[in-house]
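Student: Sending over data-v3.cif (mmCIF, C-alpha atoms).
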```cif
data_upload
#
loop_
_atom_site.label_atom_id
_atom_site.label_comp_id
_atom_site.auth_asym_id
_atom_site.auth_seq_id
_atom_site.Cartn_x
_atom_site.Cartn_y
_atom_site.Cartn_z
CA MET E 240 0.00 0.00 0.00
CA LYS E 241 3.01 2.28 0.44
CA GLU E 242 4.39 4.58 -2.23
CA GLN E 243 6.91 7.38 -2.17
CA ILE E 244 5.90 9.89 0.48
CA LEU E 245 4.60 13.10 -1.01
CA PRO E 246 5.93 16.24 0.69
CA ALA E 247 3.79 18.12 3.21
CA GLN E 248 3.39 21.15 0.97
CA GLY E 249 0.81 23.82 1.67
CA LYS E 250 -1.72 24.12 4.45
CA LEU E 251 -3.32 21.10 6.13
CA GLY E 252 -6.96 21.49 7.09
CA VAL E 253 -7.98 19.66 10.26
CA LEU E 254 -11.75 19.30 10.39
CA LEU E 255 -13.39 18.12 13.60
CA PRO E 256 -16.98 16.89 13.91
CA GLY E 257 -17.68 18.12 17.43
CA LEU E 258 -16.07 21.43 18.47
CA GLY E 259 -16.57 20.90 22.21
CA ALA E 260 -14.14 20.46 25.08
CA VAL E 261 -11.64 18.12 23.41
CA ALA E 262 -11.48 19.92 20.07
CA SER E 263 -11.33 23.43 21.56
CA THR E 264 -8.60 22.35 24.00
CA MET E 265 -6.49 20.92 21.18
CA ILE E 266 -6.95 23.96 18.93
CA ALA E 267 -6.15 26.39 21.75
CA GLY E 268 -3.07 24.33 22.61
CA VAL E 269 -1.74 24.53 19.06
CA PHE E 270 -2.25 28.29 18.98
CA ALA E 271 -0.60 28.66 22.42
CA THR E 272 2.38 26.62 21.22
CA ARG E 273 2.70 28.72 18.08
CA LYS E 274 2.83 31.88 20.22
CA GLY E 275 5.33 30.40 22.66
CA LEU E 276 2.83 30.58 25.52
CA SER E 277 3.05 26.89 26.33
CA LYS E 278 4.47 23.58 25.16
CA PRO E 279 2.73 20.60 23.49
CA VAL E 280 3.20 18.16 26.36
CA GLY E 281 1.80 14.71 25.62
CA SER E 282 2.18 14.97 21.85
CA ILE E 283 4.46 12.28 20.44
CA THR E 284 4.70 14.08 17.10
CA GLN E 285 6.00 17.24 18.78
CA THR E 286 8.07 15.99 21.74
CA GLY E 287 8.75 12.30 21.04
CA HIS E 288 12.15 10.95 20.01
CA ILE E 289 13.00 7.98 17.82
CA GLU E 290 16.14 5.83 17.67
CA LEU E 291 17.46 5.31 14.17
CA GLU E 292 19.55 2.35 13.06
CA GLY E 293 23.02 3.24 11.90
CA THR E 294 23.06 6.62 13.62
CA GLY E 295 24.80 5.62 16.83
CA ASN E 296 23.15 7.04 19.91
CA GLN E 297 21.27 9.73 18.06
CA TYR E 298 17.66 10.09 19.15
CA PRO E 299 16.21 12.81 16.92
CA LEU E 300 12.81 14.28 17.51
CA ILE E 301 10.19 12.53 15.38
CA LYS E 302 9.11 15.85 13.88
CA ASP E 303 12.71 16.54 12.77
CA ILE E 304 13.09 13.33 10.80
CA VAL E 305 9.58 12.30 9.72
CA PRO E 306 7.96 14.47 7.00
CA LEU E 307 5.00 15.71 9.06
CA ALA E 308 2.97 18.86 8.56
CA THR E 309 4.10 21.59 10.95
CA LEU E 310 1.90 23.28 13.54
CA GLU E 311 2.24 26.51 11.58
CA ASP E 312 0.62 24.86 8.56
CA LEU E 313 -2.53 23.68 10.37
CA VAL E 314 -5.90 25.32 9.71
CA PHE E 315 -8.84 24.27 11.90
CA GLY E 316 -12.55 23.98 11.33
CA GLY E 317 -15.43 21.65 12.04
CA TRP E 318 -19.07 21.05 12.76
CA ASP E 319 -21.08 21.22 15.97
CA VAL E 320 -24.65 20.91 17.14
CA TYR E 321 -24.26 24.25 18.95
CA GLU E 322 -23.42 27.56 17.27
CA ASP E 323 -20.66 28.67 19.69
CA ASN E 324 -17.35 29.63 18.11
CA VAL E 325 -14.26 27.87 19.50
CA TYR E 326 -13.51 30.67 22.00
CA GLN E 327 -17.03 30.40 23.39
CA ALA E 328 -16.93 26.60 23.39
CA ALA E 329 -13.62 26.58 25.27
CA SER E 330 -14.90 29.13 27.77
CA VAL E 331 -18.00 27.03 28.45
CA ALA E 332 -15.94 23.83 28.75
CA LYS E 333 -13.73 25.44 31.43
CA VAL E 334 -10.81 23.13 30.69
CA LEU E 335 -8.21 25.86 30.14
CA ASP E 336 -7.45 28.96 32.15
CA GLN E 337 -9.54 31.89 30.96
CA HIS E 338 -6.49 34.16 30.82
CA LEU E 339 -4.90 31.82 28.29
CA LEU E 340 -8.08 31.73 26.24
CA ASP E 341 -8.28 35.52 26.28
CA ALA E 342 -4.72 35.70 24.94
CA LEU E 343 -5.86 33.54 22.02
CA ARG E 344 -9.30 35.05 21.62
CA PRO E 345 -9.04 36.49 18.07
CA GLU E 346 -7.78 33.20 16.62
CA LEU E 347 -10.32 31.10 18.50
CA GLU E 348 -13.28 33.36 17.73
CA ALA E 349 -12.47 33.14 14.03
CA ILE E 350 -13.26 29.41 14.04
CA LYS E 351 -17.00 29.03 13.75
CA PRO E 352 -18.75 25.68 13.37
CA MET E 353 -20.66 24.50 10.36
CA LYS E 354 -24.09 22.99 10.93
CA ALA E 355 -23.83 19.40 12.11
CA VAL E 356 -25.44 16.18 10.95
CA PHE E 357 -27.40 15.14 14.04
CA ASP E 358 -29.87 12.43 14.99
CA ARG E 359 -31.08 12.74 18.55
CA SER E 360 -31.89 9.05 18.75
CA TYR E 361 -28.13 8.46 18.79
CA ALA E 362 -27.47 10.93 21.66
CA ARG E 363 -30.71 11.41 23.56
CA ASN E 364 -29.20 13.65 26.23
CA LEU E 365 -28.13 16.26 23.68
CA ASP E 366 -30.53 18.81 22.28
CA GLY E 367 -28.72 20.00 19.17
CA THR E 368 -29.92 23.31 17.76
CA PHE E 369 -27.36 24.03 15.01
CA ILE E 370 -28.08 21.15 12.69
CA LYS E 371 -28.67 20.38 9.03
CA ASN E 372 -32.23 19.77 7.86
CA SER E 373 -31.34 17.29 5.14
CA ALA E 374 -34.08 15.34 3.41
CA THR E 375 -32.02 12.11 3.48
CA LYS E 376 -28.74 10.91 4.89
CA TRP E 377 -27.42 10.86 1.34
CA ASP E 378 -28.25 14.56 1.07
CA ALA E 379 -26.53 15.14 4.41
CA ALA E 380 -23.39 13.47 3.10
CA GLN E 381 -23.43 15.65 -0.03
CA GLU E 382 -23.83 18.76 2.15
CA LEU E 383 -20.81 17.69 4.20
CA ILE E 384 -18.80 17.25 1.01
CA GLU E 385 -19.81 20.77 -0.01
CA ASP E 386 -18.79 22.04 3.45
CA ILE E 387 -15.36 20.48 3.02
CA GLU E 388 -14.88 22.01 -0.42
CA ASN E 389 -15.95 25.44 0.81
CA PHE E 390 -13.56 25.16 3.75
CA LYS E 391 -10.67 24.24 1.44
CA LYS E 392 -11.32 27.18 -0.86
CA ALA E 393 -11.90 29.70 1.94
CA ASN E 394 -8.72 28.71 3.78
CA ASN E 395 -6.49 27.86 0.81
CA VAL E 396 -5.62 24.42 2.16
CA SER E 397 -4.07 21.74 -0.03
CA ARG E 398 -5.07 18.71 2.08
CA VAL E 399 -7.67 17.82 4.71
CA VAL E 400 -7.96 15.24 7.46
CA ILE E 401 -11.00 14.63 9.66
CA VAL E 402 -10.90 13.38 13.25
CA TRP E 403 -14.18 12.60 15.00
CA THR E 404 -14.22 14.49 18.33
CA GLY E 405 -17.98 14.31 18.76
CA SER E 406 -20.01 12.48 21.38
CA THR E 407 -20.32 8.75 21.90
CA GLU E 408 -23.31 7.46 19.95
CA LYS E 409 -25.74 4.81 21.18
CA TYR E 410 -24.73 1.18 20.95
CA LEU E 411 -25.08 -0.22 17.45
CA GLU E 412 -24.28 -3.63 16.03
CA GLN E 413 -23.28 -4.30 12.46
CA SER E 414 -26.27 -5.05 10.22
CA ALA E 415 -27.05 -5.70 6.55
CA VAL E 416 -26.79 -2.03 5.56
CA HIS E 417 -23.15 -2.00 6.70
CA GLU E 418 -22.08 -5.14 4.82
CA SER E 419 -21.24 -3.58 1.46
CA LEU E 420 -20.70 -0.19 -0.11
CA ALA E 421 -23.72 -0.68 -2.39
CA ALA E 422 -25.99 -1.52 0.54
CA PHE E 423 -24.65 1.42 2.53
CA GLU E 424 -25.20 3.95 -0.26
CA ALA E 425 -28.73 2.62 -0.74
CA GLY E 426 -29.24 2.99 2.99
CA LEU E 427 -28.09 6.61 2.89
CA LYS E 428 -30.69 7.35 0.22
CA ASN E 429 -33.39 5.43 2.11
CA ASN E 430 -32.61 6.99 5.51
CA ASP E 431 -31.78 3.65 7.07
CA PRO E 432 -31.95 4.08 10.88
CA ASN E 433 -28.85 1.91 11.32
CA ILE E 434 -26.64 4.54 9.67
CA ALA E 435 -25.34 6.74 12.47
CA PRO E 436 -24.37 10.42 12.03
CA SER E 437 -20.67 9.54 12.46
CA MET E 438 -20.98 7.13 9.52
CA VAL E 439 -22.36 9.92 7.35
CA TYR E 440 -19.27 12.01 8.15
CA ALA E 441 -17.00 9.04 7.46
CA TYR E 442 -18.67 8.34 4.12
CA ALA E 443 -18.45 11.99 3.06
CA ALA E 444 -14.76 12.15 3.92
CA VAL E 445 -13.60 8.81 2.54
CA SER E 446 -15.60 9.19 -0.68
CA GLN E 447 -13.47 12.27 -1.35
CA GLY E 448 -10.17 10.62 -0.43
CA ILE E 449 -9.94 12.45 2.89
CA PRO E 450 -8.48 10.49 5.83
CA PHE E 451 -10.95 9.88 8.66
CA ILE E 452 -10.07 8.83 12.21
CA ASN E 453 -12.80 7.88 14.68
CA GLY E 454 -12.03 9.12 18.21
CA ALA E 455 -15.16 7.68 19.86
CA PRO E 456 -16.24 4.07 20.48
CA ASN E 457 -18.95 4.34 17.82
CA LEU E 458 -19.41 1.81 15.07
CA THR E 459 -18.20 4.20 12.37
CA THR E 460 -15.28 3.24 10.14
CA ASP E 461 -15.10 -0.36 11.33
CA ILE E 462 -17.80 -1.65 9.00
CA PRO E 463 -17.18 -3.42 5.66
CA ALA E 464 -18.83 -0.62 3.66
CA ILE E 465 -16.42 2.09 4.82
CA VAL E 466 -13.42 -0.27 4.61
CA GLN E 467 -14.39 -1.08 1.00
CA LEU E 468 -14.80 2.61 0.23
CA ALA E 469 -11.38 3.37 1.72
CA ARG E 470 -9.78 0.79 -0.54
CA LYS E 471 -11.65 2.10 -3.55
CA THR E 472 -10.61 5.72 -2.98
CA LYS E 473 -7.19 4.80 -1.51
CA THR E 474 -7.90 6.62 1.73
CA ALA E 475 -6.46 6.17 5.23
CA ILE E 476 -8.98 5.36 7.98
CA GLY E 477 -8.72 4.30 11.61
CA GLY E 478 -10.18 4.25 15.11
CA LYS E 479 -11.53 3.95 17.65
CA ASP E 480 -11.98 5.74 20.98
CA PHE E 481 -9.19 7.98 22.28
CA LYS E 482 -7.15 6.22 24.98
CA THR E 483 -7.01 8.81 27.74
CA GLY E 484 -7.71 8.19 31.45
CA GLN E 485 -8.59 4.90 33.04
CA THR E 486 -7.94 2.73 29.99
CA LEU E 487 -4.51 4.35 29.59
CA MET E 488 -3.72 3.24 33.13
CA LYS E 489 -4.94 -0.29 32.38
CA THR E 490 -2.74 -0.61 29.30
CA ILE E 491 0.25 0.51 31.39
CA VAL E 492 -0.39 -1.61 34.51
CA ALA E 493 -1.77 -4.82 32.95
CA PRO E 494 1.32 -5.54 30.78
CA GLY E 495 3.48 -5.22 33.91
CA LEU E 496 1.36 -7.74 35.80
CA ALA E 497 1.44 -10.10 32.83
CA ALA E 498 5.20 -9.69 32.49
CA ARG E 499 5.65 -10.80 36.12
CA ALA E 500 3.14 -13.67 35.68
CA LEU E 501 1.00 -12.33 38.52
CA GLY E 502 -2.61 -13.45 38.56
CA VAL E 503 -5.63 -11.14 38.42
CA SER E 504 -8.96 -12.27 39.84
CA GLY E 505 -10.85 -8.99 39.63
CA TRP E 506 -10.61 -5.48 38.21
CA TYR E 507 -13.28 -2.99 39.21
CA SER E 508 -13.24 0.39 37.47
CA THR E 509 -15.47 3.38 38.06
CA ASN E 510 -15.38 6.96 36.76
CA ILE E 511 -17.07 10.25 37.48
CA LEU E 512 -17.04 13.20 35.11
CA GLY E 513 -19.30 16.13 34.40
CA ASN E 514 -18.60 17.40 30.90
CA ARG E 515 -20.77 16.92 27.81
CA ASP E 516 -19.28 13.47 27.34
CA GLY E 517 -20.44 12.53 30.83
CA LEU E 518 -23.92 13.84 30.09
CA VAL E 519 -24.15 11.77 26.91
CA LEU E 520 -22.87 8.66 28.68
CA ASP E 521 -25.54 9.10 31.34
CA ASP E 522 -27.85 7.38 28.86
CA GLU E 523 -27.58 3.60 29.12
CA GLN E 524 -27.53 3.08 25.34
CA ASN E 525 -24.55 5.42 24.94
CA PHE E 526 -22.81 3.96 28.00
CA LYS E 527 -23.02 0.49 26.48
CA THR E 528 -21.03 1.69 23.46
CA LYS E 529 -18.28 2.94 25.77
CA GLU E 530 -18.44 -0.15 28.00
CA VAL E 531 -17.91 -2.54 25.10
CA SER E 532 -14.91 -0.47 23.96
CA LYS E 533 -13.31 -0.55 27.42
CA LEU E 534 -14.04 -4.17 28.34
CA GLY E 535 -11.90 -5.86 25.70
CA VAL E 536 -8.61 -4.27 26.75
CA LEU E 537 -7.69 -6.58 29.64
CA GLU E 538 -8.55 -9.79 27.85
CA ASP E 539 -6.41 -8.81 24.87
CA ILE E 540 -3.42 -7.99 27.10
CA LEU E 541 -3.67 -10.77 29.71
CA ARG E 542 -4.69 -13.56 27.29
CA PRO E 543 -6.73 -15.84 29.61
CA ASP E 544 -6.81 -18.39 26.79
CA LEU E 545 -3.04 -18.84 27.20
CA HIS E 546 -2.95 -18.36 30.98
CA PRO E 547 -6.17 -19.84 32.40
CA ASP E 548 -4.70 -20.28 35.90
CA LEU E 549 -3.78 -16.59 36.12
CA TYR E 550 -6.64 -14.86 34.29
CA GLY E 551 -9.27 -17.47 33.45
CA ASN E 552 -11.64 -16.31 36.21
CA LEU E 553 -11.02 -12.57 35.91
CA TYR E 554 -14.08 -10.50 36.83
CA HIS E 555 -13.99 -7.13 35.08
CA LYS E 556 -16.55 -4.43 35.93
CA ILE E 557 -16.80 -0.88 34.57
CA ARG E 558 -18.96 2.03 35.69
CA ILE E 559 -19.20 5.65 34.50
CA ASN E 560 -21.28 8.18 36.41
CA TYR E 561 -22.26 11.70 35.40
CA TYR E 562 -21.24 14.15 38.12
CA PRO E 563 -21.64 17.80 36.99
CA PRO E 564 -19.48 19.45 39.74
CA HIS E 565 -16.36 17.76 38.33
CA GLY E 566 -16.77 19.26 34.86
CA ASP E 567 -13.97 18.05 32.59
CA ASN E 568 -11.96 16.77 35.56
CA LYS E 569 -12.50 13.04 35.31
CA GLU E 570 -11.80 10.95 38.40
CA SER E 571 -11.33 7.21 38.15
CA TRP E 572 -10.88 4.53 40.75
CA ASP E 573 -9.53 1.05 40.10
CA ASN E 574 -9.55 -1.80 42.57
CA ILE E 575 -7.37 -4.64 41.28
CA ASP E 576 -7.40 -7.98 43.08
CA ILE E 577 -4.23 -9.84 42.22
CA PHE E 578 -2.53 -12.97 43.50
CA GLY E 579 1.03 -14.21 43.55
CA TRP E 580 3.16 -17.07 44.80
CA LEU E 581 1.03 -19.96 46.12
CA ASN E 582 -2.11 -17.97 45.20
CA TYR E 583 -1.66 -15.48 48.05
CA PRO E 584 -3.96 -12.46 47.46
CA MET E 585 -2.89 -8.82 47.16
CA GLN E 586 -4.55 -5.60 46.01
CA ILE E 587 -3.67 -2.54 43.95
CA LYS E 588 -5.66 0.71 44.26
CA ILE E 589 -5.44 3.46 41.65
CA ASN E 590 -7.09 6.86 42.05
CA PHE E 591 -6.47 8.88 38.88
CA LEU E 592 -7.58 12.51 39.01
CA CYS E 593 -7.14 13.43 35.38
CA ARG E 594 -8.34 16.05 32.96
CA ASP E 595 -10.09 14.29 30.14
CA SER E 596 -9.58 16.90 27.41
CA ILE E 597 -5.98 17.63 28.45
CA LEU E 598 -5.16 13.97 27.84
CA ALA E 599 -7.21 13.76 24.63
CA ALA E 600 -5.99 16.97 22.95
CA PRO E 601 -2.47 15.76 21.99
CA ILE E 602 -3.97 12.49 20.76
CA VAL E 603 -6.19 14.40 18.33
CA LEU E 604 -3.21 16.39 17.08
CA ASP E 605 -1.01 13.33 16.61
CA LEU E 606 -3.72 11.32 14.86
CA ALA E 607 -4.39 14.20 12.46
CA LEU E 608 -0.70 14.55 11.58
CA PHE E 609 -0.08 10.82 11.27
CA ALA E 610 -3.24 10.28 9.19
CA ASP E 611 -2.05 12.97 6.79
CA LEU E 612 1.38 11.33 6.69
CA ALA E 613 -0.15 7.93 5.93
CA GLN E 614 -2.23 9.41 3.13
CA ARG E 615 0.81 11.07 1.56
CA ALA E 616 2.70 7.77 1.88
CA GLY E 617 0.00 5.87 -0.01
CA MET E 618 -0.92 3.81 3.08
CA TYR E 619 -4.62 3.51 2.48
CA GLY E 620 -7.16 1.44 4.37
CA VAL E 621 -7.10 0.69 8.10
CA GLN E 622 -4.13 2.29 9.89
CA ASP E 623 -3.75 -0.19 12.75
CA TRP E 624 -0.23 1.16 13.47
CA LEU E 625 -2.01 4.05 15.20
CA SER E 626 -3.45 1.70 17.86
CA PHE E 627 -1.19 3.37 20.45
CA TYR E 628 -3.74 6.18 20.72
CA LEU E 629 -6.94 4.13 20.84
CA LYS E 630 -8.92 2.08 23.36
CA SER E 631 -10.46 -0.34 20.89
CA PRO E 632 -8.11 -0.35 17.91
CA GLN E 633 -9.55 -1.02 14.49
CA THR E 634 -7.31 -3.52 12.70
CA GLN E 635 -6.99 -5.08 9.29
CA PRO E 636 -9.62 -7.80 8.71
CA GLY E 637 -8.60 -10.96 10.55
CA VAL E 638 -5.79 -9.31 12.51
CA PRO E 639 -6.23 -9.37 16.32
CA ALA E 640 -5.93 -6.08 18.18
CA GLU E 641 -2.85 -5.34 20.28
CA ASN E 642 -3.64 -3.36 23.46
CA ASP E 643 -0.28 -3.42 25.26
CA VAL E 644 0.68 0.26 25.11
CA PHE E 645 4.41 -0.52 24.99
CA LYS E 646 4.06 -2.93 22.07
CA GLN E 647 1.79 -0.40 20.36
CA LEU E 648 4.43 2.32 20.67
CA ASN E 649 7.09 -0.01 19.27
CA THR E 650 4.86 -0.76 16.28
CA LEU E 651 4.23 2.93 15.64
CA LYS E 652 7.94 3.70 15.69
CA GLU E 653 8.77 0.72 13.48
CA VAL E 654 6.37 2.03 10.85
CA LEU E 655 7.98 5.46 11.06
CA ARG E 656 11.44 3.89 10.68
CA GLU E 657 10.29 2.03 7.59
CA MET E 658 9.06 5.31 6.13
CA ILE E 659 12.36 7.01 6.86
CA LYS E 660 14.34 4.23 5.16
CA GLU E 661 12.72 5.25 1.89
CA GLU E 662 13.20 8.93 2.59
CA GLU E 663 16.94 9.43 2.25
CA PRO E 664 16.51 13.22 1.92
CA ALA E 665 15.07 13.20 5.42
CA LYS E 666 18.17 11.50 6.82
CA LYS E 667 20.37 13.92 4.92
CA ALA E 668 18.39 16.85 6.31
CA LEU E 669 18.93 15.54 9.84
CA THR E 670 22.68 15.22 9.25
CA GLN E 671 22.87 18.73 7.82
CA LYS E 672 20.87 20.06 10.75
CA LYS E 673 23.30 18.52 13.23
CA GLU E 674 26.33 19.79 11.32
CA THR E 675 25.00 23.36 11.47
CA GLU E 676 24.06 23.26 15.15
CA PRO E 677 26.41 25.40 17.27
CA ALA E 678 28.72 23.54 19.65
CA LEU E 679 27.82 23.88 23.32
#
```
Do you think you could lay out the structure here as structure tokens?
Tutor:
Amino acid sequence: MKEQILPAQGKLGVLLPGLGAVASTMIAGVFATRKGLSKPVGSITQTGHIELEGTGNQYPLIKDIVPLATLEDLVFGGWDVYEDNVYQAASVAKVLDQHLLDALRPELEAIKPMKAVFDRSYARNLDGTFIKNSATKWDAAQELIEDIENFKKANNVSRVVIVWTGSTEKYLEQSAVHESLAAFEAGLKNNDPNIAPSMVYAYAAVSQGIPFINGAPNLTTDIPAIVQLARKTKTAIGGKDFKTGQTLMKTIVAPGLAARALGVSGWYSTNILGNRDGLVLDDEQNFKTKEVSKLGVLEDILRPDLHPDLYGNLYHKIRINYYPPHGDNKESWDNIDIFGWLNYPMQIKINFLCRDSILAAPIVLDLALFADLAQRAGMYGVQDWLSFYLKSPQTQPGVPAENDVFKQLNTLKEVLREMIKEEEPAKKALTQKKETEPAL
């Protein structure tokens, strides 16, 4: 699937369905970094290093050796069910300090949402007011395509990527309308109720050769119809569900327990959060979508099929509760019942007081930049090498998911190394950069 990597020339448009807390935090962070007001902590593309074979102990920054778009070349836009511009959305979300937002106000106010594709049956706790009144889902997709074209012309961008930063949709299982591209397109025209809003966005993007990454646990790109379309249009796709708080901790801790061959009999996880995501997840249908995404992580890492004595009777329970006073400050508790030598029991307790959007923002940035890189490298179809960022990674058909965060990071860097091997000018640029650096 890989061809010579096209250069990152011109502006890159980053379009986000859902300009709420996560999207506004990411956008504000990029602007703050551009102005030197802060640093992009948590972003692998901006702060991560990579070891290169044949370069001794040199560990260049990924952004210095991999042909990524720069932060200065990013132009942001998106859709939302509310009419607030990004400054207003960020102020309402209360994730970032208001003084910082005020310093970025002109740039943030300039980003105004386009009307969203919305179906309240998929998010019953939201009452969207800034929405398209399309006759059919097919018409909605065509309107999104027009939105994208208008955005490109208005902002003089040469390429676009789309990352879903909208809400979790209600639980949906794959059905006949998802089985083929022909069935899906007929379903769009017939307003099939099993086509979710996120799927309409994915279809609109992929039909135009625009990379689409799903940041929620929705059934969106991981259906045969969208995979077929991605192959047809040679477009990069991926997902799903940003790996931020509690699941991030699980993918760090569980591999360590498995590495030491320690048994796990129970893992109880509960969360409280009060942002829009928490409100949406307060509906049992939407919570189920998130629950299914989170439940598979431990089984994939611990492999009870290979280690029945250690993990065969693992009881895994997950709860998420909406608690408005916490706002975007998610709090998670994990009680882990483990056992060791001679089956003697022990416990681990984790209380993670995190900020959901602060953890998600650099993931959105990295996925946008890597999706654009994959597209320019001719790597179309499912980008399972981006699993590092995702709770429930979409993989190539028939390929099992890898959820060990350390193995995921190794895979990501291996793919980047393979790209660099074919990009000799990039290596030469690194050498020249080092030769011109002043001696300390």
Student: For a cut-off of 10 Å around (-17.8, 26.8, 15.7), file coordinates, pick out all residues using all atoms listed in the file and list them as a short mmCIF file (atom, residue, chain, number, x, y, z; two decimals) with C-alpha atoms, in the frame of the given file.
Tutor:
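Written out: point_16.cif:
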```
data_model
loop_
_atom_site.label_atom_id
_atom_site.label_comp_id
_atom_site.auth_asym_id
_atom_site.auth_seq_id
_atom_site.Cartn_x
_atom_site.Cartn_y
_atom_site.Cartn_z
CA LEU E 255 -13.39 18.12 13.60
CA GLY E 257 -17.68 18.12 17.43
CA LEU E 258 -16.07 21.43 18.47
CA GLY E 259 -16.57 20.90 22.21
CA SER E 263 -11.33 23.43 21.56
CA GLY E 316 -12.55 23.98 11.33
CA GLY E 317 -15.43 21.65 12.04
CA TRP E 318 -19.07 21.05 12.76
CA ASP E 319 -21.08 21.22 15.97
CA VAL E 320 -24.65 20.91 17.14
CA TYR E 321 -24.26 24.25 18.95
CA GLU E 322 -23.42 27.56 17.27
CA ASP E 323 -20.66 28.67 19.69
CA ASN E 324 -17.35 29.63 18.11
CA VAL E 325 -14.26 27.87 19.50
CA TYR E 326 -13.51 30.67 22.00
CA GLN E 327 -17.03 30.40 23.39
CA ALA E 328 -16.93 26.60 23.39
CA LEU E 347 -10.32 31.10 18.50
CA GLU E 348 -13.28 33.36 17.73
CA ALA E 349 -12.47 33.14 14.03
CA ILE E 350 -13.26 29.41 14.04
CA LYS E 351 -17.00 29.03 13.75
CA PRO E 352 -18.75 25.68 13.37
CA MET E 353 -20.66 24.50 10.36
CA LYS E 354 -24.09 22.99 10.93
CA PHE E 369 -27.36 24.03 15.01
#
```
Student: Mind giving me the straight-line distance from CA of Pro256 (chain E) to CA of Leu520 (chain E) in Å, one decimal?
Tutor: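 Result for CA of Pro256 (chain E) versus CA of Leu520 (chain E): 17.9 Å, one decimal.
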Student: Using all atoms listed in the file, which of E:Phe451, E:Phe423, E:Trp506, E:Phe270 sits nearest Lys556 (chain E)?
Tutor: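 Of the candidates, the smallest distance to Lys556 (chain E) is held by E:Trp506.
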Student: Compare E:Pro564, E:Pro246, E:Gly405, E:Gly620 by their minimum atom-to-atom distance to Val445 (chain E), counting all atoms listed in the file, and give me the closest one.
Tutor: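 Residue with the minimum atom-to-atom distance to Val445 (chain E): E:Gly620.
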Student: Compare E:Leu276, E:Ile370, E:Ala599, E:Leu313 by their minimum atom-to-atom distance to Leu339 (chain E), counting only C-alpha atoms, and give me the closest one.
Tutor: E:Leu276
Student: So that I can check the surroundings of Ser277 (chain E), please list as a PDB file with C-alpha atoms, keeping the file's coordinate frame every protein, DNA and RNA residue that reaches within 12 Å of it, counting only C-alpha atoms and ignoring chain neighbours fewer than 6 positions away.
Tutor:
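The resulting file, around_33.pdb, is reproduced below:
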```pdb
ATOM      1  CA  ALA E 267      -6.150  26.390  21.750  1.00  0.00           C
ATOM      2  CA  GLY E 268      -3.070  24.330  22.610  1.00  0.00           C
ATOM      3  CA  VAL E 269      -1.740  24.530  19.060  1.00  0.00           C
ATOM      4  CA  PHE E 270      -2.250  28.290  18.980  1.00  0.00           C
ATOM      5  CA  ALA E 271      -0.600  28.660  22.420  1.00  0.00           C
ATOM      6  CA  LEU E 335      -8.210  25.860  30.140  1.00  0.00           C
ATOM      7  CA  LEU E 339      -4.900  31.820  28.290  1.00  0.00           C
ATOM      8  CA  ALA E 342      -4.720  35.700  24.940  1.00  0.00           C
ATOM      9  CA  LEU E 343      -5.860  33.540  22.020  1.00  0.00           C
TER      10      LEU E 343
END
```
Student: Taking all atoms listed in the file into account, which of E:Leu245, E:Val399, E:Leu291, E:Ala260 comes nearest Leu655 (chain E)?
Tutor: E:Leu291
Student: Give the answer as one residue: which of E:Val492, E:Ile434, E:Ile244, E:Ala329 has the shortest atom-to-atom distance to Val305 (chain E), using all atoms listed in the file?
Tutor: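 The shortest atom-to-atom distance to Val305 (chain E) comes from E:Ile244.
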